[in-house]
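Novice: Below is the file coords_16.pdb, with PDB, N, CA and C atoms.
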ATOM      1  N   SER A   1      58.518  99.201 126.800
ATOM      2  CA  SER A   1      58.918  99.956 127.981
ATOM      3  C   SER A   1      59.510 101.294 127.561
ATOM      4  N   ASP A   2      59.542 102.227 128.483
ATOM      5  CA  ASP A   2      60.114 103.545 128.192
ATOM      6  C   ASP A   2      61.588 103.445 127.830
ATOM      7  N   VAL A   3      62.308 102.572 128.533
ATOM      8  CA  VAL A   3      63.737 102.411 128.259
ATOM      9  C   VAL A   3      63.943 101.877 126.846
ATOM     10  N   GLU A   4      63.120 100.921 126.435
ATOM     11  CA  GLU A   4      63.271 100.361 125.095
ATOM     12  C   GLU A   4      62.885 101.377 124.018
ATOM     13  N   GLU A   5      61.962 102.254 124.332
ATOM     14  CA  GLU A   5      61.632 103.339 123.394
ATOM     15  C   GLU A   5      62.849 104.258 123.235
ATOM     16  N   LYS A   6      63.528 104.550 124.332
ATOM     17  CA  LYS A   6      64.749 105.357 124.277
ATOM     18  C   LYS A   6      65.843 104.626 123.504
ATOM     19  N   MET A   7      65.937 103.306 123.718
ATOM     20  CA  MET A   7      66.915 102.509 122.972
ATOM     21  C   MET A   7      66.684 102.634 121.474
ATOM     22  N   MET A   8      65.424 102.548 121.070
ATOM     23  CA  MET A   8      65.091 102.637 119.654
ATOM     24  C   MET A   8      65.543 103.990 119.091
ATOM     25  N   ASN A   9      65.294 105.052 119.830
ATOM     26  CA  ASN A   9      65.699 106.384 119.380
ATOM     27  C   ASN A   9      67.217 106.520 119.325
ATOM     28  N   LEU A  10      67.926 105.973 120.315
ATOM     29  CA  LEU A  10      69.393 106.002 120.307
ATOM     30  C   LEU A  10      69.952 105.225 119.121
ATOM     31  N   LEU A  11      69.354 104.074 118.842
ATOM     32  CA  LEU A  11      69.793 103.240 117.728
ATOM     33  C   LEU A  11      69.645 103.987 116.403
ATOM     34  N   ILE A  12      68.532 104.655 116.233
ATOM     35  CA  ILE A  12      68.297 105.423 115.011
ATOM     36  C   ILE A  12      69.302 106.573 114.903
ATOM     37  N   ARG A  13      69.572 107.220 116.013
ATOM     38  CA  ARG A  13      70.437 108.406 115.998
ATOM     39  C   ARG A  13      71.925 108.087 115.938
ATOM     40  N   PHE A  14      72.372 107.065 116.701
ATOM     41  CA  PHE A  14      73.804 106.824 116.856
ATOM     42  C   PHE A  14      74.305 105.507 116.271
ATOM     43  N   GLY A  15      73.410 104.586 115.934
ATOM     44  CA  GLY A  15      73.848 103.295 115.417
ATOM     45  C   GLY A  15      73.814 102.215 116.485
ATOM     46  N   PRO A  16      74.519 101.110 116.261
ATOM     47  CA  PRO A  16      74.436  99.932 117.137
ATOM     48  C   PRO A  16      74.651 100.245 118.618
ATOM     49  N   LEU A  17      73.904  99.509 119.447
ATOM     50  CA  LEU A  17      73.982  99.642 120.896
ATOM     51  C   LEU A  17      74.601  98.382 121.481
ATOM     52  N   ALA A  18      75.570  98.543 122.349
ATOM     53  CA  ALA A  18      76.131  97.396 123.064
ATOM     54  C   ALA A  18      75.273  97.157 124.300
ATOM     55  N   VAL A  19      74.817  95.922 124.474
ATOM     56  CA  VAL A  19      73.987  95.569 125.624
ATOM     57  C   VAL A  19      74.506  94.282 126.256
ATOM     58  N   ILE A  20      74.158  94.084 127.514
ATOM     59  CA  ILE A  20      74.506  92.846 128.210
ATOM     60  C   ILE A  20      73.204  92.134 128.538
ATOM     61  N   VAL A  21      73.115  90.861 128.186
ATOM     62  CA  VAL A  21      71.881  90.092 128.334
ATOM     63  C   VAL A  21      72.132  88.779 129.071
ATOM     64  N   ASP A  22      71.037  88.133 129.451
ATOM     65  CA  ASP A  22      71.087  86.756 129.933
ATOM     66  C   ASP A  22      70.958  85.866 128.702
ATOM     67  N   ALA A  23      72.055  85.246 128.296
ATOM     68  CA  ALA A  23      72.066  84.441 127.068
ATOM     69  C   ALA A  23      72.209  82.949 127.340
ATOM     70  N   LEU A  24      72.012  82.510 128.572
ATOM     71  CA  LEU A  24      72.163  81.080 128.869
ATOM     72  C   LEU A  24      71.241  80.219 128.013
ATOM     73  N   SER A  25      70.034  80.686 127.774
ATOM     74  CA  SER A  25      69.074  79.899 126.993
ATOM     75  C   SER A  25      69.267  80.063 125.489
ATOM     76  N   TRP A  26      70.214  80.880 125.065
ATOM     77  CA  TRP A  26      70.412  81.141 123.640
ATOM     78  C   TRP A  26      71.221  80.056 122.943
ATOM     79  N   GLN A  27      71.835  79.169 123.678
ATOM     80  CA  GLN A  27      72.709  78.145 123.090
ATOM     81  C   GLN A  27      72.022  77.362 121.973
ATOM     82  N   ASP A  28      70.746  77.048 122.156
ATOM     83  CA  ASP A  28      70.013  76.213 121.203
ATOM     84  C   ASP A  28      69.133  77.021 120.251
ATOM     85  N   TYR A  29      69.314  78.321 120.189
ATOM     86  CA  TYR A  29      68.479  79.169 119.341
ATOM     87  C   TYR A  29      68.711  78.842 117.867
ATOM     88  N   LEU A  30      67.613  78.583 117.158
ATOM     89  CA  LEU A  30      67.687  78.256 115.733
ATOM     90  C   LEU A  30      66.924  79.251 114.858
ATOM     91  N   GLY A  31      66.147  80.119 115.471
ATOM     92  CA  GLY A  31      65.363  81.081 114.714
ATOM     93  C   GLY A  31      64.124  81.488 115.480
ATOM     94  N   GLY A  32      63.347  82.381 114.903
ATOM     95  CA  GLY A  32      62.154  82.882 115.565
ATOM     96  C   GLY A  32      62.479  84.070 116.456
ATOM     97  N   ILE A  33      61.525  84.419 117.314
ATOM     98  CA  ILE A  33      61.675  85.557 118.218
ATOM     99  C   ILE A  33      61.728  85.044 119.649
ATOM    100  N   ILE A  34      62.799  85.371 120.361
ATOM    101  CA  ILE A  34      62.884  84.999 121.777
ATOM    102  C   ILE A  34      61.908  85.879 122.540
ATOM    103  N   GLN A  35      60.979  85.228 123.264
ATOM    104  CA  GLN A  35      59.946  85.960 123.984
ATOM    105  C   GLN A  35      59.940  85.652 125.473
ATOM    106  N   HIS A  36      60.736  84.686 125.908
ATOM    107  CA  HIS A  36      60.770  84.283 127.316
ATOM    108  C   HIS A  36      61.961  83.365 127.534
ATOM    109  N   HIS A  37      61.987  82.631 128.611
ATOM    110  CA  HIS A  37      63.046  81.659 128.938
ATOM    111  C   HIS A  37      64.396  82.303 129.212
ATOM    112  N   CYS A  38      64.391  83.510 129.703
ATOM    113  CA  CYS A  38      65.634  84.117 130.163
ATOM    114  C   CYS A  38      65.270  85.162 131.208
ATOM    115  N   SER A  39      66.246  85.618 131.928
ATOM    116  CA  SER A  39      66.027  86.485 133.070
ATOM    117  C   SER A  39      66.584  87.872 132.803
ATOM    118  N   SER A  40      65.998  88.863 133.435
ATOM    119  CA  SER A  40      66.578  90.201 133.353
ATOM    120  C   SER A  40      67.533  90.432 134.515
ATOM    121  N   GLY A  41      67.685  89.441 135.394
ATOM    122  CA  GLY A  41      68.536  89.603 136.557
ATOM    123  C   GLY A  41      69.840  88.843 136.505
ATOM    124  N   HIS A  42      70.126  88.172 135.400
ATOM    125  CA  HIS A  42      71.327  87.350 135.297
ATOM    126  C   HIS A  42      72.112  87.667 134.027
ATOM    127  N   SER A  43      72.530  88.893 133.873
ATOM    128  CA  SER A  43      73.264  89.304 132.670
ATOM    129  C   SER A  43      74.624  88.620 132.618
ATOM    130  N   ASN A  44      74.967  88.060 131.439
ATOM    131  CA  ASN A  44      76.203  87.284 131.333
ATOM    132  C   ASN A  44      76.860  87.325 129.956
ATOM    133  N   HIS A  45      76.332  88.116 129.023
ATOM    134  CA  HIS A  45      76.865  88.067 127.660
ATOM    135  C   HIS A  45      76.639  89.410 126.964
ATOM    136  N   ALA A  46      77.678  89.936 126.313
ATOM    137  CA  ALA A  46      77.573  91.203 125.583
ATOM    138  C   ALA A  46      77.256  90.948 124.113
ATOM    139  N   VAL A  47      76.332  91.721 123.567
ATOM    140  CA  VAL A  47      75.916  91.619 122.167
ATOM    141  C   VAL A  47      75.651  93.027 121.635
ATOM    142  N   LEU A  48      75.380  93.122 120.330
ATOM    143  CA  LEU A  48      75.060  94.406 119.706
ATOM    144  C   LEU A  48      73.625  94.419 119.190
ATOM    145  N   VAL A  49      72.855  95.406 119.598
ATOM    146  CA  VAL A  49      71.542  95.634 119.000
ATOM    147  C   VAL A  49      71.788  96.479 117.759
ATOM    148  N   VAL A  50      71.470  95.920 116.589
ATOM    149  CA  VAL A  50      71.782  96.595 115.326
ATOM    150  C   VAL A  50      70.546  97.079 114.573
ATOM    151  N   GLY A  51      69.366  96.699 115.041
ATOM    152  CA  GLY A  51      68.153  97.118 114.359
ATOM    153  C   GLY A  51      66.921  96.631 115.088
ATOM    154  N   PHE A  52      65.773  96.880 114.479
ATOM    155  CA  PHE A  52      64.506  96.404 115.032
ATOM    156  C   PHE A  52      63.506  96.279 113.902
ATOM    157  N   ASP A  53      62.446  95.524 114.168
ATOM    158  CA  ASP A  53      61.377  95.340 113.185
ATOM    159  C   ASP A  53      60.055  95.409 113.936
ATOM    160  N   ARG A  54      59.228  96.379 113.596
ATOM    161  CA  ARG A  54      57.914  96.531 114.234
ATOM    162  C   ARG A  54      56.780  96.312 113.242
ATOM    163  N   THR A  55      57.075  95.658 112.112
ATOM    164  CA  THR A  55      56.057  95.504 111.074
ATOM    165  C   THR A  55      55.122  94.324 111.313
ATOM    166  N   GLY A  56      55.535  93.321 112.069
ATOM    167  CA  GLY A  56      54.708  92.140 112.291
ATOM    168  C   GLY A  56      53.923  92.222 113.587
ATOM    169  N   ASN A  57      53.315  91.097 113.966
ATOM    170  CA  ASN A  57      52.529  91.032 115.196
ATOM    171  C   ASN A  57      53.385  91.163 116.448
ATOM    172  N   THR A  58      54.639  90.710 116.378
ATOM    173  CA  THR A  58      55.541  90.763 117.523
ATOM    174  C   THR A  58      56.769  91.588 117.153
ATOM    175  N   PRO A  59      56.844  92.828 117.624
ATOM    176  CA  PRO A  59      58.026  93.635 117.328
ATOM    177  C   PRO A  59      59.256  93.044 118.006
ATOM    178  N   TYR A  60      60.420  93.159 117.360
ATOM    179  CA  TYR A  60      61.620  92.550 117.932
ATOM    180  C   TYR A  60      62.870  93.354 117.610
ATOM    181  N   TRP A  61      63.871  93.167 118.484
ATOM    182  CA  TRP A  61      65.208  93.704 118.269
ATOM    183  C   TRP A  61      65.981  92.751 117.376
ATOM    184  N   ILE A  62      66.824  93.276 116.517
ATOM    185  CA  ILE A  62      67.752  92.478 115.719
ATOM    186  C   ILE A  62      69.106  92.598 116.411
ATOM    187  N   VAL A  63      69.612  91.460 116.891
ATOM    188  CA  VAL A  63      70.787  91.449 117.755
ATOM    189  C   VAL A  63      71.899  90.622 117.119
ATOM    190  N   LYS A  64      73.077  91.212 117.009
ATOM    191  CA  LYS A  64      74.250  90.508 116.471
ATOM    192  C   LYS A  64      74.998  89.863 117.627
ATOM    193  N   ASN A  65      75.220  88.567 117.511
ATOM    194  CA  ASN A  65      75.947  87.816 118.524
ATOM    195  C   ASN A  65      77.378  87.585 118.049
ATOM    196  N   SER A  66      78.211  87.062 118.926
ATOM    197  CA  SER A  66      79.628  86.828 118.602
ATOM    198  C   SER A  66      79.948  85.349 118.435
ATOM    199  N   TRP A  67      78.933  84.505 118.294
ATOM    200  CA  TRP A  67      79.139  83.060 118.241
ATOM    201  C   TRP A  67      79.298  82.530 116.824
ATOM    202  N   GLY A  68      79.459  83.395 115.848
ATOM    203  CA  GLY A  68      79.681  82.965 114.473
ATOM    204  C   GLY A  68      78.400  82.861 113.673
ATOM    205  N   THR A  69      78.553  82.770 112.360
ATOM    206  CA  THR A  69      77.395  82.765 111.465
ATOM    207  C   THR A  69      76.666  81.429 111.419
ATOM    208  N   SER A  70      77.240  80.378 111.980
ATOM    209  CA  SER A  70      76.541  79.090 112.007
ATOM    210  C   SER A  70      75.518  79.041 113.139
ATOM    211  N   TRP A  71      75.553  80.015 114.023
ATOM    212  CA  TRP A  71      74.599  80.077 115.133
ATOM    213  C   TRP A  71      73.433  80.988 114.772
ATOM    214  N   GLY A  72      72.241  80.676 115.244
ATOM    215  CA  GLY A  72      71.076  81.540 115.080
ATOM    216  C   GLY A  72      70.728  81.793 113.629
ATOM    217  N   ILE A  73      70.377  83.015 113.328
ATOM    218  CA  ILE A  73      70.037  83.426 111.966
ATOM    219  C   ILE A  73      71.275  84.118 111.396
ATOM    220  N   ASP A  74      72.200  83.316 110.871
ATOM    221  CA  ASP A  74      73.473  83.837 110.344
ATOM    222  C   ASP A  74      74.216  84.697 111.365
ATOM    223  N   GLY A  75      74.164  84.283 112.636
ATOM    224  CA  GLY A  75      74.864  84.998 113.696
ATOM    225  C   GLY A  75      74.021  86.033 114.429
ATOM    226  N   TYR A  76      72.762  86.137 114.068
ATOM    227  CA  TYR A  76      71.856  87.109 114.686
ATOM    228  C   TYR A  76      70.739  86.393 115.437
ATOM    229  N   VAL A  77      70.117  87.121 116.359
ATOM    230  CA  VAL A  77      68.978  86.625 117.122
ATOM    231  C   VAL A  77      67.924  87.734 117.148
ATOM    232  N   HIS A  78      66.674  87.345 117.199
ATOM    233  CA  HIS A  78      65.576  88.299 117.310
ATOM    234  C   HIS A  78      65.007  88.195 118.721
ATOM    235  N   VAL A  79      64.906  89.330 119.408
ATOM    236  CA  VAL A  79      64.436  89.379 120.795
ATOM    237  C   VAL A  79      63.240  90.318 120.873
ATOM    238  N   LYS A  80      62.144  89.824 121.428
ATOM    239  CA  LYS A  80      60.911  90.604 121.528
ATOM    240  C   LYS A  80      61.160  91.962 122.178
ATOM    241  N   MET A  81      60.566  92.989 121.589
ATOM    242  CA  MET A  81      60.664  94.353 122.120
ATOM    243  C   MET A  81      59.574  94.603 123.157
ATOM    244  N   GLY A  82      59.863  95.506 124.089
ATOM    245  CA  GLY A  82      58.833  96.033 124.973
ATOM    246  C   GLY A  82      58.726  95.417 126.347
ATOM    247  N   LYS A  83      59.365  94.286 126.590
ATOM    248  CA  LYS A  83      59.227  93.597 127.880
ATOM    249  C   LYS A  83      60.569  93.356 128.559
ATOM    250  N   ASN A  84      61.625  94.008 128.115
ATOM    251  CA  ASN A  84      62.972  93.820 128.664
ATOM    252  C   ASN A  84      63.361  92.342 128.697
ATOM    253  N   ILE A  85      63.056  91.636 127.632
ATOM    254  CA  ILE A  85      63.357  90.210 127.537
ATOM    255  C   ILE A  85      64.866  90.007 127.651
ATOM    256  N   CYS A  86      65.266  89.074 128.470
ATOM    257  CA  CYS A  86      66.682  88.724 128.707
ATOM    258  C   CYS A  86      67.488  89.891 129.276
ATOM    259  N   GLY A  87      66.803  90.907 129.802
ATOM    260  CA  GLY A  87      67.489  92.061 130.361
ATOM    261  C   GLY A  87      68.108  92.957 129.312
ATOM    262  N   ILE A  88      67.566  92.919 128.098
ATOM    263  CA  ILE A  88      68.166  93.644 126.973
ATOM    264  C   ILE A  88      68.253  95.155 127.215
ATOM    265  N   ALA A  89      67.404  95.686 128.098
ATOM    266  CA  ALA A  89      67.407  97.129 128.358
ATOM    267  C   ALA A  89      68.094  97.501 129.671
ATOM    268  N   ASP A  90      68.686  96.531 130.353
ATOM    269  CA  ASP A  90      69.283  96.803 131.667
ATOM    270  C   ASP A  90      70.625  97.521 131.587
ATOM    271  N   PHE A  91      71.474  97.125 130.655
ATOM    272  CA  PHE A  91      72.812  97.706 130.508
ATOM    273  C   PHE A  91      73.025  98.051 129.037
ATOM    274  N   VAL A  92      72.869  99.313 128.697
ATOM    275  CA  VAL A  92      72.934  99.756 127.302
ATOM    276  C   VAL A  92      74.018 100.828 127.165
ATOM    277  N   THR A  93      74.900 100.651 126.177
ATOM    278  CA  THR A  93      75.911 101.669 125.893
ATOM    279  C   THR A  93      75.995 101.889 124.387
ATOM    280  N   PHE A  94      76.550 103.029 124.007
ATOM    281  CA  PHE A  94      76.745 103.320 122.590
ATOM    282  C   PHE A  94      77.943 104.245 122.449
ATOM    283  N   PRO A  95      78.629 104.177 121.316
ATOM    284  CA  PRO A  95      79.782 105.060 121.118
ATOM    285  C   PRO A  95      79.326 106.467 120.742
ATOM    286  N   LEU A  96      80.010 107.430 121.266
ATOM    287  CA  LEU A  96      79.724 108.815 120.926
ATOM    288  C   LEU A  96      81.042 109.465 120.535
ATOM    289  N   MET A  97      81.149 109.837 119.269
ATOM    290  CA  MET A  97      82.416 110.377 118.787
ATOM    291  C   MET A  97      82.250 111.794 118.309
TER     292      MET A  97
END
So that I can check it, write out the structure of this file as structure tokens.
Specialist:
Amino acid sequence: SDVEEKMMNLLIRFGPLAVIVDALSWQDYLGGIIQHHCSSGHSNHAVLVVGFDRTGNTPYWIVKNSWGTSWGIDGYVHVKMGKNICGIADFVTFPLM
């Protein structure tokens, strides 16, 4: 999406982006790329987008969660880029100093 393209540019220019997502389905996340099973209309959890990977078949955001390193991939989750999965592009902020 255009918004996610802007997010990518902001991330490169300014660093991590704070976003609010629908994370209800993230409780059982063990790895892989989240591609569905969440809504863009039910934002309930703040996380940090810290990077992205577009080298494979499914480009994804690298997202740091606050649930500790025993959750997900050492505390991180991968969310598919381009489709506003979990509302990742709905509420985006970044620090400007």
Novice: One decimal, Å: what's the distance from atom N of Leu96 in chain A over to atom N of Lys64 in chain A, could you say?
Specialist: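 It comes out at 18.1 Å.
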Novice: How would you write, as a PyMOL selection string, the residues chosen by the PyMOL selection byres ((chain A and resi 72) around 8) on this structure?
Specialist: chain A and resi 26-32+67-71+73-78
Novice: Using Å and a single decimal, report how far atom C of Thr58 in chain A sits from CA of Ser43 in chain A.
Specialist: 22.8 Å
Novice: Given only C-alpha atoms as the basis, pick out the residue of A:Phe52, A:Asp90, A:Leu24, A:Tyr60 nearest to Asn9 in chain A.
Specialist: A:Phe52
Novice: I'd like the neighbourhood of Ala23 in chain A as a ChimeraX atom specification, where a residue qualifies if any of its atoms comes within 9 Å (using only C-alpha atoms), though same-chain residues fewer than 4 positions away should be ignored.
Specialist: /A:27,38-39,42-46,86
Novice: Name the residues that the PyMOL selection byres (((chain A and resi 19 and name CA) around 9) and name CA) pulls out of this structure, and write them as a PyMOL selection string.
Specialist: chain A and resi 17-18+20-21+45-49+87-94
Novice: Restricting the output to N, CA and C atoms, write the selected residues as a tab-separated table (two decimals), in the frame of the given file.
Specialist:
chain	number	residue	atom	x	y	z
A	17	LEU	N	73.90	99.51	119.45
A	17	LEU	CA	73.98	99.64	120.90
A	17	LEU	C	74.60	98.38	121.48
A	18	ALA	N	75.57	98.54	122.35
A	18	ALA	CA	76.13	97.40	123.06
A	18	ALA	C	75.27	97.16	124.30
A	20	ILE	N	74.16	94.08	127.51
A	20	ILE	CA	74.51	92.85	128.21
A	20	ILE	C	73.20	92.13	128.54
A	21	VAL	N	73.11	90.86	128.19
A	21	VAL	CA	71.88	90.09	128.33
A	21	VAL	C	72.13	88.78	129.07
A	45	HIS	N	76.33	88.12	129.02
A	45	HIS	CA	76.86	88.07	127.66
A	45	HIS	C	76.64	89.41	126.96
A	46	ALA	N	77.68	89.94	126.31
A	46	ALA	CA	77.57	91.20	125.58
A	46	ALA	C	77.26	90.95	124.11
A	47	VAL	N	76.33	91.72	123.57
A	47	VAL	CA	75.92	91.62	122.17
A	47	VAL	C	75.65	93.03	121.64
A	48	LEU	N	75.38	93.12	120.33
A	48	LEU	CA	75.06	94.41	119.71
A	48	LEU	C	73.62	94.42	119.19
A	49	VAL	N	72.86	95.41	119.60
A	49	VAL	CA	71.54	95.63	119.00
A	49	VAL	C	71.79	96.48	117.76
A	87	GLY	N	66.80	90.91	129.80
A	87	GLY	CA	67.49	92.06	130.36
A	87	GLY	C	68.11	92.96	129.31
A	88	ILE	N	67.57	92.92	128.10
A	88	ILE	CA	68.17	93.64	126.97
A	88	ILE	C	68.25	95.16	127.22
A	89	ALA	N	67.40	95.69	128.10
A	89	ALA	CA	67.41	97.13	128.36
A	89	ALA	C	68.09	97.50	129.67
A	90	ASP	N	68.69	96.53	130.35
A	90	ASP	CA	69.28	96.80	131.67
A	90	ASP	C	70.62	97.52	131.59
A	91	PHE	N	71.47	97.12	130.66
A	91	PHE	CA	72.81	97.71	130.51
A	91	PHE	C	73.03	98.05	129.04
A	92	VAL	N	72.87	99.31	128.70
A	92	VAL	CA	72.93	99.76	127.30
A	92	VAL	C	74.02	100.83	127.16
A	93	THR	N	74.90	100.65	126.18
A	93	THR	CA	75.91	101.67	125.89
A	93	THR	C	76.00	101.89	124.39
A	94	PHE	N	76.55	103.03	124.01
A	94	PHE	CA	76.74	103.32	122.59
A	94	PHE	C	77.94	104.24	122.45
Novice: Of the candidates A:Ile62, A:Val3, A:Lys83, A:Arg13, which shows the shortest atom-to-atom distance to Val50 in chain A, using only C-alpha atoms?
Specialist: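 Closest candidate: A:Ile62.
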Novice: Spell out the residues picked by the PyMOL selection byres (((chain A and resi 81 and name CA) around 8) and name CA) here, as an MDAnalysis selection string.
Specialist: chainID A and resid 4 58:61 79:80 82:85
Novice: Please identify which residues in chain A DSSP calls helix (DSSP H, G or I) from the backbone, and express them as a PyMOL selection string.
Specialist: chain A and resi 2-14+24-28+85-87
Novice: Interatomic distance between CA of Gln35 in chain A and CA of Asn57 in chain A?
Specialist: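 Calculated distance between CA of Gln35 in chain A and CA of Asn57 in chain A is 12.6 Å.
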Novice: Go through chain A and collect every residue that DSSP, computed from the backbone, puts in strand (DSSP E or B); the answer should be as a list in words.
Specialist: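 Strand (DSSP E or B) members of chain A, listed: Leu17, Ala18, Val19, Ile20, Val21, Ile33, Ile34, His45, Ala46, Val47, Leu48, Val49, Val50, Gly51, Phe52, Asp53, Tyr60, Trp61, Ile62, Val63, Lys64, Ile73, Tyr76, Val77, His78, Val79, Lys80, Val92 and Thr93 of chain A.
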